[in-house]
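Just below is one structure, and these are the notes that go with it.
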Amino acid sequence: MDNLSKSTDEGKFYVDIQKIWQEALPLLENSMTQVIYDTTILSIIPLSFENGVLTLKTTNDFYKPSIEKRYLSEITRCVRTVSGMQDIDVRIVAPEDFDEDNLARRKNYEETNLRRRYNFDTFVKGKCNELAYAAAEAIAENPGKTEYNPLFLYGGVGLGKTHIMHSIGNYVVDKYPDLKVLYVTSETFTSEFITAIREEQIDEFKKKYREVDILLMDDVQFLEGKLGTQEEMFHTFNTLHNNNKQIVLTSDQPPKELTDLEARLTSRFAMGLTADINVPDYETRTAILEKKLDLEHLDIPLIVKDFITRNIVSNIRDLEGALNKVTAYAKLTNAKITLDLAEQALKDLLTPEEKPDVTVPLIQQIVAAHFGLTTMDLSGRKRTQSIVLPRQIAMYLSRKLLDVSLPDVGKHFGGRDHSTVIHSCEKIANEIETDTKLRTIVNDLERNIKGD
Ligand code: ADP
Ligand code: MG
């Protein structure tokens, strides 16, 4: 092995890392696009070899995450090939890893619990999240200083609530490094609270949550039924709010429908701005798919994009999952990505059993989206004709497709009483007898809701 030569003074093998790297380069060049190679790979210099680990340094902080994520296994493979050492490991470092300030900053960042990849740049704006996005941007720009305090975001699973929340946090961390940001799920808050009581560290707990500038609490519906934690949250909320600190909350339901939360808490949750996030339409789904492909430096045929976007309709996490499945399937079988392959890869996802459960919120989302409204319009007070008819249709379909009582339907529609629900259902049932246009709309909506 000519990369390993005897080092005279120590009697150990000396590994010529410069030589190994020079020999690995052409192999790497062959395995990726020229642009990536010229920018990312050529930014690397070999630094040291210790305990079987080859440390490579990229001269640009910015490249480190993508090298680690996308090219580390290829680099390792090439290094092993040219060195002949099959158990060599490769580690990437960047200039920031050696900078004291950066180390401190990184530690602070870790304490925020934020995830970098969830930011405004990777988030796609659409009709479904228009208000939520605008409010999030306003808050990120001026935390605690707008009337959107708290900002309460709600919507179904996988629609981007957590992503928007982290985007606010990441923006603030970058723009106002002195502000303290803290992201927490309501489950973590609960379990930390319980531990703090048990270990008699309640003061530390209070300090942690009451001395921040921005508290981002995800999925507050999980506070339901936990009275002690709700009480603690109530006081945390008041302290922060009184000090003009920004609070952002998310949930699967609007505040007034979180009926197992104490009223004094939900009334506070609704004090600022409540914004819903809805199911994305076709254009937004396409834009999201494009963005993911872009971020991953991937491309797939148009017809496959269209196939995925048409079939995965109610959840963005599933949309991402579908894309991952198709690309992984292609890699595994060493095949080109074609429509056939996509159909094959996604056949489990598309079986009828996987259809979303029909619920009143799902019905509201699909009906609202059809009429260009939000679910808040449907449960709101407005009585304009453009809202009343969709609202009646959604009530009618809720009764028709689900086994829910009249008062329960009323509750989902802003606390309307059962006579209003009966009236709405009868009106639509009568009208579709004679109005063929309306009948077609209602039938289409029904099919959409059932996922047929
Ligand atoms: P939720 O918290 O509402 O359940 P998430 O925020 O976890 O949903 O989103 C699920 C996935 O979909 C995440 O990977 C997220 O990045 C992605 N996603 C959701 N909405 C968007 C969007 N508008 N643009 C880009 N990605 C999105
Ligand atoms: Mg979430």
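So you can find residues: chains in the structure tokens are A, B, ... in the order shown, residues in each start at 1, and ligands are numbered from 1 in order.
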Environment of ligand 1 within 10 Å, counting only C-alpha atoms and all ligand atoms, reported as a PyMOL selection string
chain A and resi 117-130+133+153-167+218-219+250-252+277-280+284-285+287-292+315-321
Residues within 12 Å of A:Ala138, only C-alpha atoms, excluding chain neighbours under 3 positions, as an MDAnalysis selection string:
chainID A and resid 131:135 141:149 151 167:168 171:172 246 273
Smallest atom-to-atom distance to ligand 2: which of A:Val184, A:Asp306, A:Lys331, A:Lys347, using only C-alpha atoms and all ligand atoms?
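Checking each of A:Val184, A:Asp306, A:Lys331, A:Lys347 against ligand 2, counting only C-alpha atoms and all ligand atoms, the winner is A:Val184.
What separates atom CA of A:Thr327 from atom CA of A:Ile92 is a distance of 25.9 Å.
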Report as a ChimeraX atom specification all protein, DNA and RNA residues lying within 12 Å of A:Asn443, evaluated on only C-alpha atoms, omitting residues in the same chain fewer than 5 positions from it.
/A:367,393,396-397,400-401,428-429,432,436-438,448-450,452
Point out the residue among A:Ile67, A:Ile363, A:Leu349, A:Leu54 with the least atom-to-atom distance to A:Glu296, counting only C-alpha atoms.
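Closest to A:Glu296, using only C-alpha atoms: A:Ile67.
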Would you work out the distance separating atom CA of A:Glu257 from atom CA of A:Glu224, expressed in Å to one decimal?
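Between atom CA of A:Glu257 and atom CA of A:Glu224 the gap works out to 11.2 Å.
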Can you pull out every residue within 10 Å of A:Leu323, counting only C-alpha atoms, but drop anything in the same chain fewer than 5 positions away, and send it as a ChimeraX atom specification?
/A:289,292-293,300,304-305,308-309,318,328-329,342,345-346
Residue with the minimum atom-to-atom distance to A:Ile387, picked from A:Leu216, A:Leu373, A:Arg399, A:Pro254 with only C-alpha atoms counted, is A:Leu373
Quick one: residues within 10 Å of A:Leu389, only C-alpha atoms, excluding same-chain residues fewer than 6 positions away - as a PyMOL selection string?
chain A and resi 371+378+383+395+424+427-428
Hey, which of A:Phe222, A:Tyr282, A:Tyr176, A:Phe189 ends up closest to ligand 2? Count only C-alpha atoms and all ligand atoms.
A:Phe222
Report as a VMD selection string all protein, DNA and RNA residues lying within 8 Å of stretch 264-271 of chain A, evaluated on only C-alpha atoms, omitting residues in the same chain fewer than 2 positions from it.
chain A and resid 149 to 150 152 230 234 249 255 to 256 258 261 to 262 273 to 274
Just how far from atom CA of A:Tyr63 is atom CA of A:Arg105, in Å to one decimal?
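Result for atom CA of A:Arg105 versus atom CA of A:Tyr63: 18.5 Å, one decimal.
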If we count only C-alpha atoms and set the cut-off at 10 Å, which residues sit around A:Thr81, ignoring sequence neighbours fewer than 5 positions away in its own chain? Please answer as a PyMOL selection string.
chain A and resi 20+23-24+27+75-76+86
Write out as a list in words all residues of stretch 183-394 of chain A that DSSP puts in strand (DSSP E) for this structure's backbone.
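Secondary structure check on stretch 183-394 of chain A, strand (DSSP E): Tyr183, Val184, Thr185, Ile214, Leu215, Leu216, Met217, Asp218, Gln246, Ile247, Val248, Leu249, Thr250, Ser251, Leu273, Thr274, Ala275, Asp276 and Ile277 of chain A.
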Would you save the residues from that selection as a PDB file, in the first residue's frame, using C-alpha atoms?
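Okay, this is what ended up in out.pdb:
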```
ATOM      1  CA  TYR A 183     -39.649  25.897  21.215  1.00  0.00           C
ATOM      2  CA  VAL A 184     -41.444  23.180  23.132  1.00  0.00           C
ATOM      3  CA  THR A 185     -44.219  20.700  22.498  1.00  0.00           C
ATOM      4  CA  ILE A 214     -40.604  34.085  22.476  1.00  0.00           C
ATOM      5  CA  LEU A 215     -42.329  30.933  23.571  1.00  0.00           C
ATOM      6  CA  LEU A 216     -43.381  28.583  20.792  1.00  0.00           C
ATOM      7  CA  MET A 217     -45.647  25.856  22.139  1.00  0.00           C
ATOM      8  CA  ASP A 218     -46.629  23.167  19.676  1.00  0.00           C
ATOM      9  CA  GLN A 246     -44.375  36.813  22.101  1.00  0.00           C
ATOM     10  CA  ILE A 247     -46.351  33.596  22.373  1.00  0.00           C
ATOM     11  CA  VAL A 248     -47.119  31.279  19.459  1.00  0.00           C
ATOM     12  CA  LEU A 249     -49.347  28.242  19.860  1.00  0.00           C
ATOM     13  CA  THR A 250     -50.518  25.488  17.559  1.00  0.00           C
ATOM     14  CA  SER A 251     -53.288  22.969  17.798  1.00  0.00           C
ATOM     15  CA  LEU A 273     -54.874  36.235  16.245  1.00  0.00           C
ATOM     16  CA  THR A 274     -56.256  32.808  15.390  1.00  0.00           C
ATOM     17  CA  ALA A 275     -55.333  31.574  11.916  1.00  0.00           C
ATOM     18  CA  ASP A 276     -56.118  28.278  10.266  1.00  0.00           C
ATOM     19  CA  ILE A 277     -54.006  26.214   7.915  1.00  0.00           C
TER      20      ILE A 277
END
```
